[in-house]
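Structure data (CSV, C-alpha atoms) from run36.csv:
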```csv
chain,number,residue,atom,x,y,z
A,1,MET,CA,7.2,2.2,9.8
A,2,TYR,CA,5.8,1.4,6.3
A,3,SER,CA,7.8,-1.8,6.3
A,4,ASP,CA,5.1,-3.2,8.6
A,5,TRP,CA,2.5,-2.4,5.9
A,6,PHE,CA,4.5,-3.4,2.9
A,7,PHE,CA,3.2,-6.9,2.8
A,8,ILE,CA,-0.3,-5.6,2.8
A,9,LEU,CA,0.5,-3.4,-0.1
A,10,LEU,CA,2.0,-6.5,-1.7
A,11,PHE,CA,-1.4,-8.3,-1.2
A,12,VAL,CA,-3.2,-5.3,-2.7
A,13,VAL,CA,-1.1,-5.6,-5.8
A,14,ILE,CA,-0.9,-9.4,-6.1
A,15,VAL,CA,-4.4,-10.4,-5.3
A,16,PRO,CA,-6.2,-8.5,-8.1
A,17,VAL,CA,-3.6,-10.0,-10.5
A,18,LEU,CA,-4.2,-13.5,-9.2
A,19,ALA,CA,-8.0,-12.9,-9.6
A,20,VAL,CA,-7.9,-11.4,-13.1
A,21,ALA,CA,-5.1,-13.4,-14.6
A,22,PRO,CA,-6.9,-16.8,-14.8
A,23,MET,CA,-9.9,-15.1,-16.4
A,24,MET,CA,-7.7,-13.3,-18.9
A,25,MET,CA,-5.8,-16.5,-19.7
A,26,ASN,CA,-9.1,-18.3,-20.1
A,27,ARG,CA,-10.3,-15.7,-22.6
A,28,MET,CA,-7.0,-15.6,-24.5
A,29,MET,CA,-6.1,-19.3,-24.6
A,30,GLY,CA,-9.5,-21.0,-24.8
A,31,PRO,CA,-11.4,-21.6,-28.1
A,32,HIS,CA,-14.5,-19.4,-28.4
A,33,LYS,CA,-17.2,-21.2,-30.4
A,34,PRO,CA,-20.6,-20.4,-28.8
A,35,ASN,CA,-23.8,-22.2,-29.7
A,36,PRO,CA,-27.2,-22.0,-28.1
A,37,ILE,CA,-26.8,-25.2,-26.1
A,38,LYS,CA,-23.5,-24.1,-24.7
A,39,GLN,CA,-24.9,-20.7,-23.8
A,40,GLN,CA,-27.6,-22.2,-21.5
A,41,THR,CA,-27.2,-21.5,-17.8
A,42,TYR,CA,-27.3,-25.2,-17.0
A,43,GLU,CA,-26.0,-27.8,-19.4
A,44,CYS,CA,-28.1,-30.3,-17.6
A,45,GLY,CA,-30.8,-29.9,-15.0
A,46,ILE,CA,-34.0,-27.9,-14.9
A,47,GLU,CA,-34.7,-24.6,-16.5
A,48,THR,CA,-35.5,-21.9,-14.0
A,49,VAL,CA,-39.1,-21.0,-13.6
A,50,GLY,CA,-39.6,-17.2,-13.8
A,51,ASP,CA,-37.0,-14.7,-12.9
A,52,SER,CA,-33.9,-16.0,-11.1
A,53,TRP,CA,-33.3,-12.6,-9.5
A,54,VAL,CA,-35.6,-13.2,-6.5
A,55,GLN,CA,-36.1,-10.8,-3.7
A,56,PHE,CA,-34.8,-12.1,-0.4
A,57,LYS,CA,-36.6,-11.9,2.9
A,58,VAL,CA,-36.0,-8.7,4.7
A,59,GLN,CA,-35.4,-10.7,7.9
A,60,TYR,CA,-32.0,-11.8,6.5
A,61,TYR,CA,-30.8,-8.3,7.2
A,62,ILE,CA,-30.7,-9.2,10.9
A,63,TYR,CA,-28.1,-11.8,10.2
A,64,ALA,CA,-25.8,-9.0,8.8
A,65,LEU,CA,-26.6,-6.8,11.7
A,66,VAL,CA,-25.7,-9.6,14.2
A,67,PHE,CA,-22.5,-10.1,12.2
A,68,VAL,CA,-21.6,-6.5,12.5
A,69,ILE,CA,-22.0,-6.5,16.3
A,70,PHE,CA,-19.8,-9.5,16.7
A,71,ASP,CA,-17.3,-8.2,14.2
A,72,ILE,CA,-16.9,-5.0,16.4
A,73,GLU,CA,-16.6,-7.3,19.4
A,74,ALA,CA,-13.7,-9.1,17.7
A,75,VAL,CA,-12.0,-5.7,16.9
A,76,PHE,CA,-12.2,-4.7,20.6
A,77,LEU,CA,-11.0,-8.1,21.9
A,78,PHE,CA,-8.0,-8.2,19.6
A,79,PRO,CA,-5.9,-5.6,21.5
A,80,VAL,CA,-6.7,-7.3,24.8
A,81,ALA,CA,-5.6,-10.6,23.3
A,82,ALA,CA,-2.4,-9.0,22.0
A,83,ALA,CA,-1.7,-7.8,25.6
A,84,TYR,CA,-2.7,-11.1,27.2
A,85,GLY,CA,0.7,-11.9,28.7
A,86,VAL,CA,0.7,-8.8,30.9
A,87,LEU,CA,-2.9,-8.8,32.1
A,88,ASN,CA,-4.0,-9.2,35.8
A,89,TRP,CA,-7.1,-10.9,37.1
A,90,PHE,CA,-9.1,-7.7,37.0
A,91,ALA,CA,-8.4,-7.3,33.3
A,92,ILE,CA,-9.4,-10.9,32.6
A,93,GLY,CA,-12.6,-10.4,34.6
A,94,ALA,CA,-13.4,-7.2,32.7
A,95,THR,CA,-12.8,-9.0,29.4
A,96,LEU,CA,-15.0,-11.9,30.5
A,97,LEU,CA,-17.7,-9.5,31.4
A,98,PHE,CA,-17.4,-7.9,28.0
A,99,ILE,CA,-17.8,-11.3,26.3
A,100,LEU,CA,-20.6,-12.4,28.6
A,101,LEU,CA,-22.6,-9.3,28.0
A,102,LEU,CA,-22.4,-9.9,24.2
A,103,ALA,CA,-23.1,-13.6,24.8
A,104,ASP,CA,-26.3,-12.4,26.3
A,105,GLY,CA,-27.2,-10.8,23.0
A,106,LEU,CA,-26.3,-14.0,21.2
A,107,ALA,CA,-28.6,-15.9,23.6
A,108,TYR,CA,-31.4,-13.5,23.0
A,109,ALA,CA,-31.0,-13.7,19.2
A,110,TRP,CA,-30.9,-17.5,19.5
A,111,GLY,CA,-34.0,-17.6,21.7
A,112,ARG,CA,-36.0,-15.4,19.4
A,113,GLY,CA,-35.1,-17.8,16.5
A,114,VAL,CA,-33.1,-15.2,14.6
A,115,LEU,CA,-30.3,-17.7,13.9
A,116,LYS,CA,-32.7,-20.1,12.3
A,117,TRP,CA,-32.5,-20.0,8.5
A,118,ILE,CA,-36.0,-19.5,7.2
B,1,MET,CA,10.0,23.0,-10.8
B,2,THR,CA,9.0,20.5,-13.4
B,3,PHE,CA,6.6,17.7,-12.7
B,4,LEU,CA,9.4,15.1,-12.7
B,5,THR,CA,11.5,16.9,-10.0
B,6,PHE,CA,8.3,17.3,-8.0
B,7,LEU,CA,7.7,13.6,-8.2
B,8,THR,CA,11.2,12.7,-7.1
B,9,SER,CA,11.1,15.2,-4.2
B,10,LEU,CA,8.1,13.4,-2.6
B,11,THR,CA,8.8,11.4,0.5
B,12,SER,CA,7.4,7.9,0.7
B,13,GLU,CA,4.8,9.2,3.2
B,14,GLN,CA,3.6,11.7,0.7
B,15,VAL,CA,3.4,9.2,-2.1
B,16,VAL,CA,1.3,6.9,0.1
B,17,PHE,CA,-1.0,9.8,1.2
B,18,ILE,CA,-1.5,10.9,-2.4
B,19,LEU,CA,-2.3,7.4,-3.6
B,20,ALA,CA,-4.7,6.8,-0.7
B,21,SER,CA,-6.4,10.1,-1.3
B,22,ILE,CA,-6.8,9.4,-5.0
B,23,LEU,CA,-8.3,6.0,-4.2
B,24,THR,CA,-10.6,7.6,-1.5
B,25,ILE,CA,-11.9,10.5,-3.6
B,26,GLY,CA,-12.1,8.6,-6.9
B,27,ALA,CA,-14.0,5.8,-5.4
B,28,ALA,CA,-16.3,8.2,-3.5
B,29,LEU,CA,-17.0,10.0,-6.8
B,30,VAL,CA,-18.0,6.6,-8.3
B,31,VAL,CA,-20.3,6.0,-5.3
B,32,VAL,CA,-22.3,9.2,-5.9
B,33,THR,CA,-22.4,9.0,-9.7
B,34,ASN,CA,-22.8,5.3,-10.5
B,35,ARG,CA,-26.2,4.4,-11.7
B,36,ASN,CA,-26.0,0.8,-10.4
B,37,LEU,CA,-26.5,0.8,-6.6
B,38,PHE,CA,-24.6,-2.5,-6.2
B,39,HIS,CA,-21.5,-1.1,-8.0
B,40,ALA,CA,-21.8,2.0,-5.9
B,41,ALA,CA,-21.6,-0.2,-2.8
B,42,LEU,CA,-18.5,-1.9,-4.1
B,43,ALA,CA,-16.9,1.4,-4.9
B,44,LEU,CA,-17.7,2.5,-1.3
B,45,MET,CA,-15.6,-0.5,-0.1
B,46,ALA,CA,-12.7,0.8,-2.2
B,47,SER,CA,-13.2,4.3,-0.7
B,48,PHE,CA,-13.0,2.8,2.8
B,49,LEU,CA,-9.8,1.1,1.8
B,50,GLY,CA,-8.3,4.5,0.8
B,51,VAL,CA,-9.4,5.9,4.2
B,52,ALA,CA,-7.5,2.9,5.9
B,53,GLY,CA,-4.4,3.9,3.9
B,54,ILE,CA,-4.7,7.5,5.2
B,55,TYR,CA,-4.9,6.1,8.8
B,56,ILE,CA,-1.7,4.2,8.1
B,57,THR,CA,0.0,7.5,7.1
B,58,LEU,CA,-1.2,8.9,10.4
B,59,ASP,CA,0.6,6.1,12.3
B,60,ALA,CA,-2.8,4.8,13.4
B,61,GLY,CA,-2.3,1.2,12.5
B,62,PHE,CA,-4.9,-0.3,14.7
B,63,LEU,CA,-7.5,2.1,13.4
B,64,ALA,CA,-6.6,1.1,9.9
B,65,ALA,CA,-7.0,-2.6,10.8
B,66,ALA,CA,-10.4,-1.8,12.5
B,67,GLN,CA,-11.4,0.2,9.4
B,68,LEU,CA,-10.6,-2.9,7.3
B,69,LEU,CA,-12.4,-5.3,9.6
B,70,VAL,CA,-15.4,-3.2,10.5
B,71,TYR,CA,-16.1,-0.9,7.5
B,72,ILE,CA,-14.9,-3.1,4.7
B,73,GLY,CA,-15.7,-6.4,6.3
B,74,ALA,CA,-19.0,-5.6,8.1
B,75,ILE,CA,-20.6,-2.3,7.2
B,76,SER,CA,-20.2,-2.9,3.5
B,77,ILE,CA,-21.7,-6.3,3.9
B,78,LEU,CA,-24.6,-4.7,5.7
B,79,ILE,CA,-25.1,-2.2,2.9
B,80,ILE,CA,-24.9,-5.0,0.3
B,81,PHE,CA,-27.4,-7.1,2.3
B,82,ALA,CA,-29.7,-4.0,2.4
B,83,ILE,CA,-29.5,-3.7,-1.4
B,84,MET,CA,-30.0,-7.4,-1.8
B,85,VAL,CA,-33.2,-7.6,0.3
B,86,THR,CA,-34.7,-4.3,-0.8
B,87,ARG,CA,-34.4,-4.2,-4.6
B,88,ARG,CA,-33.2,-6.0,-7.6
B,89,MET,CA,-29.4,-5.6,-7.5
B,90,MET,CA,-28.2,-5.5,-11.1
B,91,GLN,CA,-31.3,-4.6,-13.0
B,92,VAL,CA,-32.2,-1.2,-11.6
B,93,SER,CA,-30.4,1.6,-13.3
B,94,GLU,CA,-31.7,4.9,-12.2
B,95,SER,CA,-30.1,8.3,-12.1
B,96,PRO,CA,-28.2,8.8,-8.8
B,97,PHE,CA,-29.1,12.5,-8.8
B,98,ASN,CA,-32.3,14.1,-7.7
B,99,SER,CA,-33.5,17.7,-7.8
B,100,GLN,CA,-31.4,18.7,-4.8
B,101,ARG,CA,-27.9,17.9,-6.3
B,102,GLY,CA,-27.0,21.6,-6.6
B,103,LEU,CA,-27.9,22.2,-2.9
B,104,GLY,CA,-26.0,19.0,-1.9
B,105,PHE,CA,-22.9,20.1,-3.8
B,106,PHE,CA,-23.2,23.6,-2.1
B,107,VAL,CA,-23.5,22.0,1.4
B,108,ALA,CA,-20.5,19.7,0.8
B,109,VAL,CA,-18.3,22.5,-0.4
B,110,ALA,CA,-19.4,24.8,2.4
B,111,GLY,CA,-18.8,22.1,5.0
B,112,PHE,CA,-15.3,21.5,3.6
B,113,LEU,CA,-14.5,25.2,3.6
B,114,ILE,CA,-15.8,25.8,7.2
B,115,VAL,CA,-13.7,22.9,8.5
B,116,ALA,CA,-10.6,24.0,6.5
B,117,VAL,CA,-10.9,27.6,7.7
B,118,VAL,CA,-11.4,26.6,11.3
B,119,ILE,CA,-8.4,24.3,11.2
B,120,LEU,CA,-6.3,27.0,9.6
B,121,GLN,CA,-7.5,29.6,12.1
B,122,TRP,CA,-6.9,27.4,15.1
B,123,PHE,CA,-3.6,25.7,14.3
B,124,GLY,CA,-2.2,28.1,11.7
B,125,GLY,CA,0.1,26.5,9.1
B,126,GLU,CA,1.4,24.1,11.7
B,127,ALA,CA,-1.5,21.7,11.1
B,128,PHE,CA,-0.1,21.0,7.6
B,129,ALA,CA,3.6,21.1,8.4
B,130,ALA,CA,4.3,17.7,9.8
B,131,LYS,CA,2.7,15.3,12.1
B,132,PRO,CA,4.5,14.9,15.5
B,133,PRO,CA,7.0,12.2,15.5
B,134,VAL,CA,6.2,8.9,17.3
B,135,ALA,CA,8.9,6.7,18.7
B,136,PRO,CA,9.2,3.4,16.9
B,137,ALA,CA,9.1,1.5,20.2
B,138,VAL,CA,5.6,3.1,20.9
B,139,LEU,CA,4.4,2.2,17.4
B,140,SER,CA,5.6,-1.4,17.5
B,141,ASN,CA,3.8,-1.9,20.9
B,142,ALA,CA,0.7,0.2,20.2
B,143,VAL,CA,-1.9,-2.6,19.9
B,144,ALA,CA,-0.8,-4.3,23.1
B,145,ALA,CA,-0.6,-1.0,25.0
B,146,LEU,CA,-4.2,-0.3,23.8
B,147,GLY,CA,-5.3,-3.7,25.0
B,148,VAL,CA,-3.8,-3.0,28.4
B,149,SER,CA,-5.5,0.4,28.7
B,150,PHE,CA,-8.8,-1.2,27.6
B,151,VAL,CA,-8.9,-3.3,30.8
B,152,ASN,CA,-7.1,-1.0,33.1
B,153,PRO,CA,-9.4,0.5,35.8
B,154,ASN,CA,-7.4,3.7,35.7
B,155,ALA,CA,-7.8,4.0,31.9
B,156,PHE,CA,-10.7,2.7,29.7
B,157,ALA,CA,-12.1,-0.3,31.7
B,158,LEU,CA,-15.4,1.4,32.2
B,159,PRO,CA,-15.9,2.6,28.6
B,160,PHE,CA,-14.8,-0.9,27.5
B,161,ILE,CA,-17.7,-2.4,29.4
B,162,VAL,CA,-20.1,0.4,28.4
B,163,ILE,CA,-19.2,-0.4,24.7
B,164,SER,CA,-20.3,-4.0,25.2
B,165,ILE,CA,-23.6,-2.8,26.8
B,166,LEU,CA,-24.1,-0.4,23.9
B,167,LEU,CA,-23.5,-3.3,21.4
B,168,LEU,CA,-25.9,-5.5,23.4
B,169,ALA,CA,-28.5,-2.8,23.3
B,170,ALA,CA,-28.1,-2.3,19.6
B,171,LEU,CA,-28.3,-6.1,19.0
B,172,ILE,CA,-31.4,-6.6,21.1
B,173,GLY,CA,-33.0,-3.4,19.9
B,174,ALA,CA,-32.5,-4.4,16.3
B,175,ILE,CA,-34.0,-7.8,16.8
B,176,TYR,CA,-36.9,-6.4,18.9
B,177,ILE,CA,-37.8,-3.9,16.2
B,178,ALA,CA,-37.2,-6.0,13.1
B,179,TRP,CA,-38.0,-9.6,14.0
B,180,PRO,CA,-41.7,-10.6,13.7
B,181,ARG,CA,-43.6,-10.8,17.0
B,182,GLN,CA,-45.4,-14.0,16.4
B,183,ARG,CA,-43.4,-17.2,17.0
B,184,ILE,CA,-42.8,-19.4,14.0
B,185,ASP,CA,-45.3,-22.3,14.0
B,186,PRO,CA,-43.5,-25.3,15.6
B,187,ALA,CA,-45.3,-27.7,13.2
B,188,GLU,CA,-43.8,-25.7,10.3
B,189,ASP,CA,-40.4,-26.0,11.9
B,190,GLU,CA,-40.6,-29.7,11.9
B,191,ALA,CA,-41.3,-29.8,8.2
```
Translate the structure described by the file into structure tokens.
Amino acid sequence: MYSDWFFILLFVVIVPVLAVAPMMMNRMMGPHKPNPIKQQTYECGIETVGDSWVQFKVQYYIYALVFVIFDIEAVFLFPVAAAYGVLNWFAIGATLLFILLLADGLAYAWGRGVLKWI
Amino acid sequence: MTFLTFLTSLTSEQVVFILASILTIGAALVVVTNRNLFHAALALMASFLGVAGIYITLDAGFLAAAQLLVYIGAISILIIFAIMVTRRMMQVSESPFNSQRGLGFFVAVAGFLIVAVVILQWFGGEAFAAKPPVAPAVLSNAVAALGVSFVNPNAFALPFIVISILLLAALIGAIYIAWPRQRIDPAEDEA
């Protein structure tokens, strides 16, 4: 049974290597001669005014919350989609009801202006 | 038995379980001891990954996928969002302990002991012997079978719809509580 998961294990091993290796190669192979101009955040452009670690609006939290709701919806829809070939009309109706109820929530969020980036 | 013979006697299942447990517990320890809240949230994601590995050893593949999608993909993002909007992420370095750490340790150990004793009393040693075997045909078809039972009126069709109502209530409730009442000025919108 683990053979199904073996390729995920492969990802777990390979992905960190792929992420870390370019940085290590950069450090090992690149010349390292810092000077104050090179150390600037922007080589060209405008210096930041004040602290660049700004506090974000708390309202953005709602975006993440809406994302969680629809992520869970996707998790529940996935098995139904996997069984789609054997479903009857009742099943498709139930799935449509499931989607429509959550589309209601999306419509509410849209109507309240939650989806607008402020 | 030497350590080496112990290692070679392990089945692949036990190796996966031990590695997943080490990841889960180790990352969880980082979560509670790290002074940087953002790093603690990242370690929590690693801990969730270990729990997904334990689900795989329990033949609960869909649960593991849901754990990856929901906990690592969504709940962790929610937590990181919460850190992002409430405090300065990388600058705050405060002790993760407060005066109740002794009490918290005691409660955690007591909770573990109570659960362990109840399981041992109830199932005896059988709970730790081996998990019941599952036919490969069942495992390979598990997700589709779950999908069929989700929308089968004799199975979980009603809970399936109730879940969507629950999610809808959570969504609308969160927006109702957290979103400011007054409408954004239309003139401001245009600008």
Using only C-alpha atoms, select each residue of chain B with any atom at most 6 Å away from an atom of chain A, and give the selection as a PyMOL selection string. chain B and resi 74+78+85+143-144+147-148+151+161+164+168
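Around Leu139 in chain B, within 9 Å and counting all atoms listed in the file, the residues found are Met1 of chain A; Asp59, Ala60, Gly61 and Val134 of chain B, once anything fewer than 5 positions away on its own chain is removed.
CA of Met45 in chain B lies 9.4 Å from CA of Ala28 in chain B.
Pairwise distance (CA of Val15 in chain B, CA of Ala52 in chain B) equals 14.9 Å.
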Using all atoms listed in the file, the residue out of A:Ile8, A:Lys38, A:Trp89, A:Arg27 with shortest distance to Asn152 in chain B is A:Trp89
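One finds CA of Ala64 in chain B at 26.2 Å from CA of Leu7 in chain B.
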Kindly complete range 158-174 of chain B to N, CA, C and O atoms; the output should be written as a tab-separated table (two decimals), keeping the file's coordinate frame.
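The new file selection20.tsv reads:
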```tsv
chain	number	residue	atom	x	y	z
B	158	LEU	N	-14.00	1.12	32.17
B	158	LEU	CA	-15.40	1.40	32.20
B	158	LEU	C	-16.00	1.63	30.80
B	158	LEU	O	-17.01	0.99	30.43
B	159	PRO	N	-15.35	2.50	29.97
B	159	PRO	CA	-15.90	2.60	28.60
B	159	PRO	C	-15.87	1.29	27.85
B	159	PRO	O	-16.79	1.05	27.05
B	160	PHE	N	-14.89	0.44	28.13
B	160	PHE	CA	-14.80	-0.90	27.50
B	160	PHE	C	-16.07	-1.67	27.77
B	160	PHE	O	-16.68	-2.25	26.86
B	161	ILE	N	-16.49	-1.68	29.06
B	161	ILE	CA	-17.70	-2.40	29.40
B	161	ILE	C	-18.94	-1.72	28.86
B	161	ILE	O	-19.87	-2.38	28.38
B	162	VAL	N	-18.92	-0.38	28.88
B	162	VAL	CA	-20.10	0.40	28.40
B	162	VAL	C	-20.25	0.06	26.86
B	162	VAL	O	-21.38	-0.04	26.38
B	163	ILE	N	-19.12	-0.11	26.15
B	163	ILE	CA	-19.20	-0.40	24.70
B	163	ILE	C	-19.97	-1.76	24.54
B	163	ILE	O	-20.84	-1.87	23.67
B	164	SER	N	-19.65	-2.75	25.40
B	164	SER	CA	-20.30	-4.00	25.20
B	164	SER	C	-21.83	-3.88	25.54
B	164	SER	O	-22.66	-4.52	24.89
B	165	ILE	N	-22.16	-3.00	26.51
B	165	ILE	CA	-23.60	-2.80	26.80
B	165	ILE	C	-24.25	-2.09	25.63
B	165	ILE	O	-25.38	-2.41	25.24
B	166	LEU	N	-23.53	-1.14	25.03
B	166	LEU	CA	-24.10	-0.40	23.90
B	166	LEU	C	-24.32	-1.41	22.72
B	166	LEU	O	-25.39	-1.39	22.07
B	167	LEU	N	-23.33	-2.30	22.47
B	167	LEU	CA	-23.50	-3.30	21.40
B	167	LEU	C	-24.65	-4.22	21.71
B	167	LEU	O	-25.43	-4.58	20.81
B	168	LEU	N	-24.76	-4.60	23.00
B	168	LEU	CA	-25.90	-5.50	23.40
B	168	LEU	C	-27.20	-4.79	23.15
B	168	LEU	O	-28.14	-5.40	22.61
B	169	ALA	N	-27.29	-3.50	23.54
B	169	ALA	CA	-28.50	-2.80	23.30
B	169	ALA	C	-28.86	-2.66	21.85
B	169	ALA	O	-30.02	-2.83	21.44
B	170	ALA	N	-27.82	-2.41	21.02
B	170	ALA	CA	-28.10	-2.30	19.60
B	170	ALA	C	-28.56	-3.65	19.03
B	170	ALA	O	-29.51	-3.69	18.23
B	171	LEU	N	-27.96	-4.74	19.49
B	171	LEU	CA	-28.30	-6.10	19.00
B	171	LEU	C	-29.78	-6.40	19.38
B	171	LEU	O	-30.61	-6.77	18.54
B	172	ILE	N	-30.08	-6.24	20.69
B	172	ILE	CA	-31.40	-6.60	21.10
B	172	ILE	C	-32.45	-5.64	20.55
B	172	ILE	O	-33.53	-6.07	20.13
B	173	GLY	N	-32.09	-4.35	20.46
B	173	GLY	CA	-33.00	-3.40	19.90
B	173	GLY	C	-33.36	-3.71	18.45
B	173	GLY	O	-34.52	-3.68	18.03
B	174	ALA	N	-32.30	-4.06	17.67
B	174	ALA	CA	-32.50	-4.40	16.30
B	174	ALA	C	-33.42	-5.59	16.12
B	174	ALA	O	-34.34	-5.60	15.30
```
